[in-house]
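Engineer: Provided herewith is a single structure, encoded as structure tokens, for subsequent inquiry.
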Amino acid sequence: MDAGLRERLEEIETKVRSGERLTRQDGLDLYECDDLAWLGGLAHEVRTRKNGDVTHFNINRHLNMTNVCTASCAYCSFQRKPGEKDAYTMRIEEAVRLAKEMEADNLTELHIVNGLHPNLPWRYYPRSLRELKAALPETVSLKAFTATEIHHFEKISGLDASDILDELIDAGLESLTGGGAEIFDWEVRQHIVDHDTHWEDWSRIHRLAHQKGLKTPCTMLYGHIEEPRHRVDHVLRLRELQDETGGFQVFIPLRYQHDFTDMKDGKVRNTLQARTQMATGIEALKTFAVSRLLFDNVPHVKVFWVMHGVNTAQLALQHGADDMDGSVVEYKITHDADDFGTPAKLTRDDLLDLIRDAGFRPVERNTRYEILNEYPGPDPERREAPQPMRV
């Protein structure tokens, strides 16, 4: 590390400890830092200042009612075209049946994301929420639809996003999802996204949601063709919007995934993977740390263990993250369980063990980050002696 960078990093450390906001150049300098212990430690200070020794989690399930999509985004293996093998669209009654089967897990959140179906009518979506809400306990929140989907609903309905959100909220919507953000910078976005929901519409729709009282997550897909400067730009755009609305509850860095198995029809839909390597564990931890340090006005940073594997997720809790997502059970949009040994689901007890093993106190939350249950932290005596490796 050259002397100039070391001096700038010392200045950044002083800023962080005094609560001063970091700049774009500070973010770029942090990504240049090769001292992960120092970087993680600084992010951990901020994480502790905001959330103490707590790691949040929830009991959730994912429901994807259709994988039929008009878009063919370069990174996406989930989408299918009408008539393709493995293309599916659920009747609302089927979606309700599947959701009712999940109820026994004592879930508190149903997370719904779909493809951009060319033929489903707009009314399918509010009706699906109404019927799911009626079928599930009051304690289950419906967290549904990306800003990209809301933009798609505008096109198929002729309504504007404000009216669409009003109807969805009336039907039971409690939060949008954070997807569709990917990387906002057009230099990268034009190569990875095959729909026309870009920063202007993504931010417009989340701004409207916040004005209507919804709290939403925000995301960033990293580790493909973008560079650190694009990640910094992405976070700063979200930080500026958060200054305006205060509506983002959590920031979620999502690691871009390769396909590790061929699709059943023999097609590899991820057209990026021939020229990408995926982010290493070190790059992932650096991204969490820099994001936590830059994004000073969002209360939480979540590590989605499905995309990172449980070991990297545990380490991320020491590098700025304070939320480990939830039980998930099935996540059709990524396929990393094929290669990383990531489990298909984590039970509440699994999550408690993982969080304690990482040295934190587990707290179960709902979609609104209201505390449902607090659990004891790690047993200090357990840390004194070597423990068997988890298999």
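Residue numbering restarts at 1 in every chain; chains get A, B, ... in the order shown in the structure tokens, and ligands count up from 1 in that same order.
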Could you pull out the strand (DSSP E) residues of segment 199-241 of chain A from DSSP and send them as a count of residues only?
Structural biologist: 7
Engineer: Apply DSSP to the structure's backbone, then extract all residues of segment 137-261 of chain A labelled alpha helix (DSSP H) and return them as a ChimeraX atom specification.
Structural biologist: /A:147-157,161-171,186-192,199-211,228-245
Engineer: Mind running segment 184-284 of chain A against segment 18-31 of chain A at 12 Å and telling me each contacting residue's nearest atom pair with the distance in Å (one decimal), counting only C-alpha atoms, chain and number ascending, as a tab-separated table?
Structural biologist:
residue	atom	partner	partner_atom	distance
A:Glu227	CA	A:Tyr31	CA	9.9
A:Pro228	CA	A:Tyr31	CA	6.5
A:Arg229	CA	A:Leu28	CA	6.3
A:His230	CA	A:Leu28	CA	9.7
A:Arg231	CA	A:Gly27	CA	9.0
A:Val232	CA	A:Gly27	CA	6.0
A:Asp233	CA	A:Arg24	CA	7.4
A:His234	CA	A:Arg24	CA	10.5
A:Val235	CA	A:Gly27	CA	9.6
A:Leu236	CA	A:Arg24	CA	7.5
A:Arg237	CA	A:Arg24	CA	10.7
A:Arg239	CA	A:Arg21	CA	10.7
A:Glu240	CA	A:Arg21	CA	11.9
A:Ile282	CA	A:Tyr31	CA	11.4
A:Glu283	CA	A:Tyr31	CA	9.2
A:Ala284	CA	A:Tyr31	CA	11.3
Engineer: Skip Asp163 of chain A itself and residues of its chain fewer than 2 positions away, then list as a short mmCIF file (atom, residue, chain, number, x, y, z; two decimals) with N, CA and C atoms, in the first residue's frame all residues within 12 Å of it, counting only C-alpha atoms.
Structural biologist:
data_model
loop_
_atom_site.label_atom_id
_atom_site.label_comp_id
_atom_site.auth_asym_id
_atom_site.auth_seq_id
_atom_site.Cartn_x
_atom_site.Cartn_y
_atom_site.Cartn_z
N PRO A 126 -53.16 -7.85 -7.88
CA PRO A 126 -53.84 -7.50 -6.63
C PRO A 126 -54.74 -8.62 -6.13
N ILE A 150 -43.50 -3.35 -10.90
CA ILE A 150 -44.46 -2.23 -10.82
C ILE A 150 -44.46 -1.44 -12.12
N HIS A 151 -43.29 -1.20 -12.68
CA HIS A 151 -43.18 -0.50 -13.97
C HIS A 151 -43.89 -1.30 -15.05
N PHE A 153 -46.40 -3.33 -14.54
CA PHE A 153 -47.84 -3.21 -14.29
C PHE A 153 -48.38 -1.90 -14.87
N GLU A 154 -47.58 -0.83 -14.83
CA GLU A 154 -48.01 0.42 -15.44
C GLU A 154 -48.32 0.22 -16.93
N SER A 157 -51.51 -2.12 -17.50
CA SER A 157 -52.77 -1.68 -16.92
C SER A 157 -53.23 -0.32 -17.42
N GLY A 158 -52.27 0.51 -17.87
CA GLY A 158 -52.60 1.89 -18.21
C GLY A 158 -52.71 2.80 -17.01
N LEU A 159 -52.49 2.26 -15.81
CA LEU A 159 -52.50 3.05 -14.58
C LEU A 159 -51.10 3.57 -14.29
N ASP A 160 -51.02 4.61 -13.44
CA ASP A 160 -49.69 5.04 -13.03
C ASP A 160 -49.29 4.34 -11.74
N ALA A 161 -48.02 4.42 -11.41
CA ALA A 161 -47.49 3.66 -10.28
C ALA A 161 -48.16 4.03 -8.97
N LEU A 165 -49.78 1.18 -6.69
CA LEU A 165 -49.35 0.94 -5.31
C LEU A 165 -50.52 1.06 -4.35
N ASP A 166 -51.42 2.03 -4.58
CA ASP A 166 -52.59 2.16 -3.72
C ASP A 166 -53.42 0.88 -3.72
N GLU A 167 -53.63 0.33 -4.91
CA GLU A 167 -54.45 -0.88 -4.99
C GLU A 167 -53.74 -2.08 -4.36
N LEU A 168 -52.43 -2.19 -4.59
CA LEU A 168 -51.69 -3.30 -4.00
C LEU A 168 -51.64 -3.19 -2.47
N ILE A 169 -51.46 -1.98 -1.97
CA ILE A 169 -51.46 -1.78 -0.51
C ILE A 169 -52.83 -2.15 0.06
N ASP A 170 -53.89 -1.74 -0.62
CA ASP A 170 -55.24 -2.09 -0.17
C ASP A 170 -55.45 -3.61 -0.18
N ILE A 205 -40.37 4.84 -8.35
CA ILE A 205 -41.33 3.90 -7.76
C ILE A 205 -41.05 3.71 -6.27
N LEU A 208 -42.24 6.82 -4.44
CA LEU A 208 -43.70 6.78 -4.25
C LEU A 208 -44.08 5.84 -3.12
N ALA A 209 -43.45 4.66 -3.11
CA ALA A 209 -43.75 3.70 -2.04
C ALA A 209 -43.46 4.30 -0.67
N LYS A 212 -46.01 6.72 0.50
CA LYS A 212 -47.25 6.07 0.92
C LYS A 212 -47.08 5.30 2.23
#
Engineer: With a distance cut-off of 10 Å and only C-alpha atoms, select the neighbouring residues of segment 187-202 of chain A, excluding the residue or stretch itself and same-chain residues fewer than 6 positions from it, and output the selection as an MDAnalysis selection string.
Structural biologist: chainID A and resid 70:76 116 146:152 161 178:181 224:227 230 234 237:238 270:272
Engineer: Atoms to include: N, CA and C atoms. Write the selected residues as a PDB file, in the first residue's frame.
Structural biologist:
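New file part.pdb:
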ATOM      1  N   THR A  70     -40.695 -11.369 -20.296  1.00  0.00           N
ATOM      2  CA  THR A  70     -40.403 -10.740 -21.587  1.00  0.00           C
ATOM      3  C   THR A  70     -38.930 -10.365 -21.715  1.00  0.00           C
ATOM      4  N   ALA A  71     -38.245 -10.227 -20.583  1.00  0.00           N
ATOM      5  CA  ALA A  71     -36.846  -9.798 -20.596  1.00  0.00           C
ATOM      6  C   ALA A  71     -35.914 -11.004 -20.640  1.00  0.00           C
ATOM      7  N   SER A  72     -34.715 -10.775 -21.151  1.00  0.00           N
ATOM      8  CA  SER A  72     -33.652 -11.792 -21.163  1.00  0.00           C
ATOM      9  C   SER A  72     -32.381 -11.165 -20.607  1.00  0.00           C
ATOM     10  N   CYS A  73     -32.415 -10.815 -19.330  1.00  0.00           N
ATOM     11  CA  CYS A  73     -31.263 -10.149 -18.704  1.00  0.00           C
ATOM     12  C   CYS A  73     -30.068 -11.090 -18.709  1.00  0.00           C
ATOM     13  N   ALA A  74     -28.887 -10.530 -18.950  1.00  0.00           N
ATOM     14  CA  ALA A  74     -27.696 -11.335 -19.214  1.00  0.00           C
ATOM     15  C   ALA A  74     -27.311 -12.231 -18.049  1.00  0.00           C
ATOM     16  N   TYR A  75     -27.632 -11.830 -16.815  1.00  0.00           N
ATOM     17  CA  TYR A  75     -27.223 -12.577 -15.631  1.00  0.00           C
ATOM     18  C   TYR A  75     -28.272 -13.593 -15.173  1.00  0.00           C
ATOM     19  N   CYS A  76     -29.455 -13.609 -15.797  1.00  0.00           N
ATOM     20  CA  CYS A  76     -30.604 -14.301 -15.227  1.00  0.00           C
ATOM     21  C   CYS A  76     -30.824 -15.674 -15.839  1.00  0.00           C
ATOM     22  N   LEU A 116     -41.668 -11.000 -15.814  1.00  0.00           N
ATOM     23  CA  LEU A 116     -42.537  -9.986 -16.432  1.00  0.00           C
ATOM     24  C   LEU A 116     -43.378 -10.685 -17.504  1.00  0.00           C
ATOM     25  N   THR A 146     -40.869  -6.330  -7.438  1.00  0.00           N
ATOM     26  CA  THR A 146     -39.770  -5.382  -7.632  1.00  0.00           C
ATOM     27  C   THR A 146     -40.301  -4.110  -8.273  1.00  0.00           C
ATOM     28  N   ALA A 147     -39.502  -3.062  -8.251  1.00  0.00           N
ATOM     29  CA  ALA A 147     -39.876  -1.842  -8.968  1.00  0.00           C
ATOM     30  C   ALA A 147     -40.014  -2.122 -10.462  1.00  0.00           C
ATOM     31  N   THR A 148     -39.238  -3.084 -10.973  1.00  0.00           N
ATOM     32  CA  THR A 148     -39.355  -3.480 -12.377  1.00  0.00           C
ATOM     33  C   THR A 148     -40.737  -4.050 -12.651  1.00  0.00           C
ATOM     34  N   GLU A 149     -41.259  -4.855 -11.729  1.00  0.00           N
ATOM     35  CA  GLU A 149     -42.608  -5.393 -11.895  1.00  0.00           C
ATOM     36  C   GLU A 149     -43.659  -4.286 -11.828  1.00  0.00           C
ATOM     37  N   ILE A 150     -43.502  -3.350 -10.902  1.00  0.00           N
ATOM     38  CA  ILE A 150     -44.458  -2.234 -10.817  1.00  0.00           C
ATOM     39  C   ILE A 150     -44.459  -1.443 -12.120  1.00  0.00           C
ATOM     40  N   HIS A 151     -43.291  -1.197 -12.676  1.00  0.00           N
ATOM     41  CA  HIS A 151     -43.182  -0.500 -13.966  1.00  0.00           C
ATOM     42  C   HIS A 151     -43.887  -1.305 -15.054  1.00  0.00           C
ATOM     43  N   HIS A 152     -43.743  -2.625 -15.037  1.00  0.00           N
ATOM     44  CA  HIS A 152     -44.433  -3.509 -15.982  1.00  0.00           C
ATOM     45  C   HIS A 152     -45.949  -3.411 -15.794  1.00  0.00           C
ATOM     46  N   ALA A 161     -48.023   4.420 -11.413  1.00  0.00           N
ATOM     47  CA  ALA A 161     -47.493   3.662 -10.275  1.00  0.00           C
ATOM     48  C   ALA A 161     -48.165   4.033  -8.967  1.00  0.00           C
ATOM     49  N   GLY A 178     -36.511  -5.486  -3.135  1.00  0.00           N
ATOM     50  CA  GLY A 178     -35.453  -4.567  -3.552  1.00  0.00           C
ATOM     51  C   GLY A 178     -34.894  -4.838  -4.929  1.00  0.00           C
ATOM     52  N   GLY A 179     -35.399  -5.879  -5.603  1.00  0.00           N
ATOM     53  CA  GLY A 179     -34.815  -6.311  -6.861  1.00  0.00           C
ATOM     54  C   GLY A 179     -34.983  -5.324  -8.001  1.00  0.00           C
ATOM     55  N   GLY A 180     -34.302  -5.628  -9.094  1.00  0.00           N
ATOM     56  CA  GLY A 180     -34.333  -4.771 -10.269  1.00  0.00           C
ATOM     57  C   GLY A 180     -33.309  -3.664 -10.238  1.00  0.00           C
ATOM     58  N   ALA A 181     -32.609  -3.512  -9.111  1.00  0.00           N
ATOM     59  CA  ALA A 181     -31.613  -2.441  -9.000  1.00  0.00           C
ATOM     60  C   ALA A 181     -30.344  -2.795  -9.768  1.00  0.00           C
ATOM     61  N   HIS A 224     -19.809  -9.007 -11.178  1.00  0.00           N
ATOM     62  CA  HIS A 224     -19.910  -9.433 -12.584  1.00  0.00           C
ATOM     63  C   HIS A 224     -18.977  -8.571 -13.426  1.00  0.00           C
ATOM     64  N   ILE A 225     -19.500  -7.657 -14.234  1.00  0.00           N
ATOM     65  CA  ILE A 225     -18.622  -6.854 -15.093  1.00  0.00           C
ATOM     66  C   ILE A 225     -18.407  -5.449 -14.548  1.00  0.00           C
ATOM     67  N   GLU A 226     -19.017  -5.154 -13.401  1.00  0.00           N
ATOM     68  CA  GLU A 226     -18.871  -3.813 -12.834  1.00  0.00           C
ATOM     69  C   GLU A 226     -17.504  -3.659 -12.169  1.00  0.00           C
ATOM     70  N   GLU A 227     -17.123  -2.427 -11.905  1.00  0.00           N
ATOM     71  CA  GLU A 227     -15.892  -2.097 -11.195  1.00  0.00           C
ATOM     72  C   GLU A 227     -16.255  -1.430  -9.871  1.00  0.00           C
ATOM     73  N   HIS A 230     -18.371   1.678  -9.932  1.00  0.00           N
ATOM     74  CA  HIS A 230     -19.798   1.524 -10.197  1.00  0.00           C
ATOM     75  C   HIS A 230     -20.538   1.153  -8.908  1.00  0.00           C
ATOM     76  N   HIS A 234     -23.447   3.427  -7.190  1.00  0.00           N
ATOM     77  CA  HIS A 234     -24.732   2.797  -6.887  1.00  0.00           C
ATOM     78  C   HIS A 234     -25.167   3.115  -5.446  1.00  0.00           C
ATOM     79  N   ARG A 237     -26.096   6.857  -4.969  1.00  0.00           N
ATOM     80  CA  ARG A 237     -27.436   7.201  -5.483  1.00  0.00           C
ATOM     81  C   ARG A 237     -28.503   6.809  -4.466  1.00  0.00           C
ATOM     82  N   LEU A 238     -28.374   5.601  -3.909  1.00  0.00           N
ATOM     83  CA  LEU A 238     -29.339   5.152  -2.918  1.00  0.00           C
ATOM     84  C   LEU A 238     -29.254   5.989  -1.643  1.00  0.00           C
ATOM     85  N   ASN A 270     -27.450 -17.624 -18.673  1.00  0.00           N
ATOM     86  CA  ASN A 270     -26.538 -16.616 -18.132  1.00  0.00           C
ATOM     87  C   ASN A 270     -25.439 -16.362 -19.164  1.00  0.00           C
ATOM     88  N   THR A 271     -25.582 -15.295 -19.931  1.00  0.00           N
ATOM     89  CA  THR A 271     -24.629 -15.010 -21.006  1.00  0.00           C
ATOM     90  C   THR A 271     -23.397 -14.270 -20.515  1.00  0.00           C
ATOM     91  N   LEU A 272     -23.356 -13.950 -19.214  1.00  0.00           N
ATOM     92  CA  LEU A 272     -22.182 -13.275 -18.654  1.00  0.00           C
ATOM     93  C   LEU A 272     -21.109 -14.248 -18.201  1.00  0.00           C
TER      94      LEU A 272
END
Engineer: So, counting only C-alpha atoms, which residue among A:Gln242, A:Val306, A:Arg123, A:Glu109 is closest to Leu173 of chain A?
Structural biologist: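 Under the stated criterion, the closest residue is A:Glu109.
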Engineer: Nearest residue to His117 of chain A out of A:Thr280, A:Ser77, A:Thr66, A:Asn311, using only C-alpha atoms?
Structural biologist: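 With only C-alpha atoms as the atom set, the closest residue is A:Thr66.
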Engineer: With only C-alpha atoms as the counted atoms, please give the residues lying no more than 12 Å from Phe304 of chain A, apart from itself and same-chain residues fewer than 4 positions off, as a PyMOL selection string.
Structural biologist: chain A and resi 56-58+219-221+250-256+284+288+308-314+316-317+321-328+331+334+336+342
Engineer: Using only C-alpha atoms, can you tell me which of A:Lys133, A:Lys215, A:Lys267, A:Lys143 comes closest to His62 of chain A?
Structural biologist: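 Closest candidate: A:Lys143.
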Engineer: Extract, using only C-alpha atoms, all DNA, RNA and protein residues at most 6 Å from His319 of chain A, discarding same-chain residues fewer than 4 positions from it, and format them as a list of chain:residue names.
Structural biologist: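 Near neighbours after the sequence-gap exclusion: A:Gly40, A:Ala43, A:His44, A:Ala289.
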Engineer: May I have the residues from that selection written out with C-alpha atoms, as an mmCIF file, in the first residue's frame?
Structural biologist:
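Final file, out39.cif:
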data_model
loop_
_atom_site.group_PDB
_atom_site.id
_atom_site.type_symbol
_atom_site.label_atom_id
_atom_site.label_comp_id
_atom_site.auth_asym_id
_atom_site.auth_seq_id
_atom_site.Cartn_x
_atom_site.Cartn_y
_atom_site.Cartn_z
ATOM 1 C CA GLY A 40 -13.691 -5.042 8.425
ATOM 2 C CA ALA A 43 -17.160 -1.402 9.363
ATOM 3 C CA HIS A 44 -17.762 -3.500 12.478
ATOM 4 C CA ALA A 289 -17.592 -3.352 4.678
#
Engineer: Using only C-alpha atoms, pick whichever of A:Ala3, A:Val268, A:Leu176, A:Ala274 has the shortest atom-to-atom distance to Gly247 of chain A.
Structural biologist: A:Leu176
Engineer: My list of candidates is A:Asn106, A:Ile112, A:Ala95, A:Thr287. Which is closest to Leu132 of chain A when distances are computed with only C-alpha atoms?
Structural biologist: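 Checking each of A:Asn106, A:Ile112, A:Ala95, A:Thr287 against Leu132 of chain A, counting only C-alpha atoms, the winner is A:Ala95.
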Engineer: Which residues are near Asn64 of chain A? Cut-off 12 Å, only C-alpha atoms, ignore same chain within fewer than 2 positions. Put them as a PyMOL selection string.
Structural biologist: chain A and resi 61-62+66-69+78-79+87-92+94-96+98-99+110-117+128+143-145+330-333
Engineer: Using only C-alpha atoms, which of A:Asp53, A:Leu136, A:His210, A:Phe184 sits nearest Tyr375 of chain A?
Structural biologist: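 Smallest distance to Tyr375 of chain A is found for A:Asp53.
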